[in-house]
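Data first, discussion second: the structure below is written as structure tokens.
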Amino acid sequence: MDERLNYKPSVEMPWTKYYAPGYEKVLSEKLPQVTLWKFMEEKLLKDGDSNDAIRYFGNHIKRSKVVEEVHLWARVMKGMGIKAGDEVVLFGPAFPETIYVLFAANMIGAVAIMPNLFSAKELIKDSLCKARIAFVFIGMLDKLDEALADSQFEKVVLMDVTRSMGFPYKPLVGTCHWWKNYRLTRSSSKYMMTSEAIRRYGNYDGELEAAAVPGKVTMVFASSGTTMVSTAKLIGLTDEAMLNMFRDTFAFTKTDAPFCENDVAYCYLPPFAATAFFILMIAPLYYNLVVYLDPRLSLDLFTKAMFKFRPNMTLVPGRLWEGFFKRVEELIAEGKRPDLSFLHFPIMGGEGCTPESLRWMDNLLRECGSSALLFPGYGMTEVFSVASVDNKLVQKQRSYDKQVISVGIPFPGVTVGVFDKDGKELPYGEKGELWIKSPSMASGYYGNEELTRSVFCDGWVHSNDMAEIDKDGNIYIYGRMKQHVNGPDGEPIYLFDIANEIRQDPAMKSTMACIVNGDVKHPHVVLHLILNDDCQETELQVLTRIENHMREWLPKGFKIDGYKFHKGMFVSRLAGKLDRMYYESQVDGYKLPVDGKLKDVSFPDTVK
């Protein structure tokens, strides 16, 4: 028996064997005490304009132009009366002005708050803090009209996505936005177009740059993952934390060099998600890559952009990768094998995939000429982006044999451990809650000390994810611990465990377990199923076998209340993650095998 199996991963840290020699020296180097913008500005000016910084709908934006625009927006903010320490709200997707405004706020020492663009209206109001001024993408106004109309806001700058577009996109798209802007600016003096804000306040000639203040929150990101969805979770990051993530990346690039100068990074994710902001926006800009921005969110547009622009790196959830590779497979079947050699660093994050799906996508990458496999990773806004990711050394030993995929090894500078409910660290191969330590850790939840105490404990971030670490340091994520019901003995039964067990059936392509929404005495646990394309069995045959297996596998007295079949892929939210709420709200259309027949099942006692 391997005695190491009794050791604690967070103490032994076996993953460091995959790092390059000298990584420890990189991690020990002292970082400058500057704002994130100052850190970025020095690098942007140093690289010069030999390469584009941003490409955006026909416009090639140089690094000097990025610096110029950030200074312009800093003057606008100062002219509006925004001071160091003031809060400003930013609602903006992946377009250049979002980056400019975000950096401008950091430059003048303001606190930039970026609420979750996908939050419900009632949660948006909880995300506004004490901001008096908001910078808002015009396309979000239908969702934000009530919040922005509040007397809290003195000024609202309406940003449209056309200002930085090139020809012919600017006149075509701009016409669609002009009338909406015009009506709003006439309805209230607090609203102003971007051009008016620049004209009125852009000539400010006083001091702009604020000094970095140790421990001061400067950017506030939104998260939807770690804790309850009914709470607006705003995560405060300091300049030191964000620069520490860069230092960890310096050690990672020494090991694997994923950021290659002159490569193109494709970003369609909004910056309120810290991982997108770091991996797809500021890290590529720092490493002299070209950032291709596109604020549109859809599987179809993502697939088209991949083939049209051939980016070398991007980061999207597993469901978008699956949609892309489904199209790749279709092209191969048509005799039009695509060339995917352009993919150097394809990252899967936010949500993973099954081992079977990962094997399929890796094989297609090889078949179509890519030297890279997919890079599954795991990140949390609470540690400003990356907690773990594969590197090429780890990929050489990739296994597809477990119920879930590995999300790689801890990022340099990051320590992880798996703990039981009593806070005792578990050895290799055992499942428990993943805890994370990182020098890039957030200061906590902005304005919410109670939530901070429950998640940030003794130097660790509690992820609320069920995980396992193997003896090589690979991390396997099973699912959210909150996704469970209590069994007859009071012990939790995890929905992802049920789904993973059923997915082992040879007829299954994809599975999902959830609880039907509503105020009911007993929760209805249901299974959503997608059959393999080549499955020859009837639904009755499949469900009879699964039902018999579930009776043996589940605790006595616990049962599945209904099964529902779907075709194609499960429905995703805009950002590409599985839309669990959509399936939790479905109360009809379920089936159960009863006496050799399929019985229709619904849940009339469910209150939507």
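Ordering of the structure tokens sets the chain letters (A, B, ...); residue numbers start at 1 within each chain; ligands are numbered from 1 in the order shown.
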### Query
Mind checking DSSP for stretch 119-364 of chain A and telling me the alpha helix (DSSP H) residues as a PyMOL selection string?
chain A and resi 121-125+141-149+169-187+194-201+239-256+274-276+283-286+299-309+318-333+355-364
### Message
as an MDAnalysis selection string, please: every residue in stretch 49-212 of chain A that DSSP puts in strand (DSSP E).
### Response
chainID A and resid 52:56 59:62 87:91 111:113 133:137 155:159 191:193
Could you save those same residues with C-alpha atoms as a short mmCIF file (atom, residue, chain, number, x, y, z; two decimals), in the first residue's frame?
```
data_model
loop_
_atom_site.label_atom_id
_atom_site.label_comp_id
_atom_site.auth_asym_id
_atom_site.auth_seq_id
_atom_site.Cartn_x
_atom_site.Cartn_y
_atom_site.Cartn_z
CA ASP A 52 -2.86 45.55 -32.22
CA ALA A 53 -4.09 45.58 -28.64
CA ILE A 54 -7.79 45.08 -29.46
CA ARG A 55 -9.73 44.17 -32.57
CA TYR A 56 -13.37 45.07 -32.49
CA ASN A 59 -11.38 48.47 -35.84
CA HIS A 60 -7.72 47.78 -35.03
CA ILE A 61 -6.98 49.49 -31.72
CA LYS A 62 -3.33 50.01 -30.83
CA GLU A 87 -18.03 53.95 -5.94
CA VAL A 88 -19.07 53.82 -9.59
CA VAL A 89 -21.29 51.17 -11.16
CA LEU A 90 -20.38 49.65 -14.51
CA PHE A 91 -22.83 47.58 -16.56
CA VAL A 111 -14.10 51.59 -6.64
CA ALA A 112 -15.52 50.02 -9.82
CA ILE A 113 -18.54 47.83 -9.07
CA ILE A 133 -22.81 57.59 -11.10
CA ALA A 134 -23.34 54.65 -13.45
CA PHE A 135 -21.84 53.71 -16.80
CA VAL A 136 -24.36 51.52 -18.60
CA PHE A 137 -24.49 49.64 -21.89
CA LYS A 155 -25.72 60.79 -13.63
CA VAL A 156 -25.99 57.82 -15.98
CA VAL A 157 -23.65 57.62 -18.97
CA LEU A 158 -25.19 55.58 -21.78
CA MET A 159 -22.51 53.57 -23.55
CA TYR A 191 -28.98 60.48 -18.70
CA MET A 192 -26.30 61.46 -21.18
CA MET A 193 -24.78 59.85 -24.23
#
```
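Relative to atom CA of A:Arg453, atom CA of A:Gln152 is found at 29.0 Å.
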### Query
Looking at only C-alpha atoms, which of A:Tyr287, A:Phe95, A:Phe246, A:Phe221 is the one that sits closest to A:Glu29?
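For A:Glu29, the nearest of the candidates is A:Phe246.
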### Task
For A:Asp465, please output as a ChimeraX atom specification all residues within 8 Å (counting only C-alpha atoms; exclusion window: fewer than 3 positions along the same chain).
/A:226,433-434,477-481
Could you write out the selected residues, including C-alpha atoms, as a CSV table (one decimal), in the first residue's frame?
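Okay, part.csv is ready:
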```
chain,number,residue,atom,x,y,z
A,226,THR,CA,-20.0,29.9,-4.4
A,433,GLU,CA,-15.3,20.2,0.1
A,434,LEU,CA,-12.5,21.9,-1.8
A,477,ILE,CA,-14.8,18.5,-9.2
A,478,TYR,CA,-18.1,16.6,-8.8
A,479,GLY,CA,-20.5,19.4,-8.2
A,480,ARG,CA,-22.0,22.0,-5.9
A,481,MET,CA,-22.6,20.6,-2.4
```
### Message
One number please: atom CA of A:Glu240 to atom CA of A:Lys25, in Å, one decimal.
### Response
18.4 Å
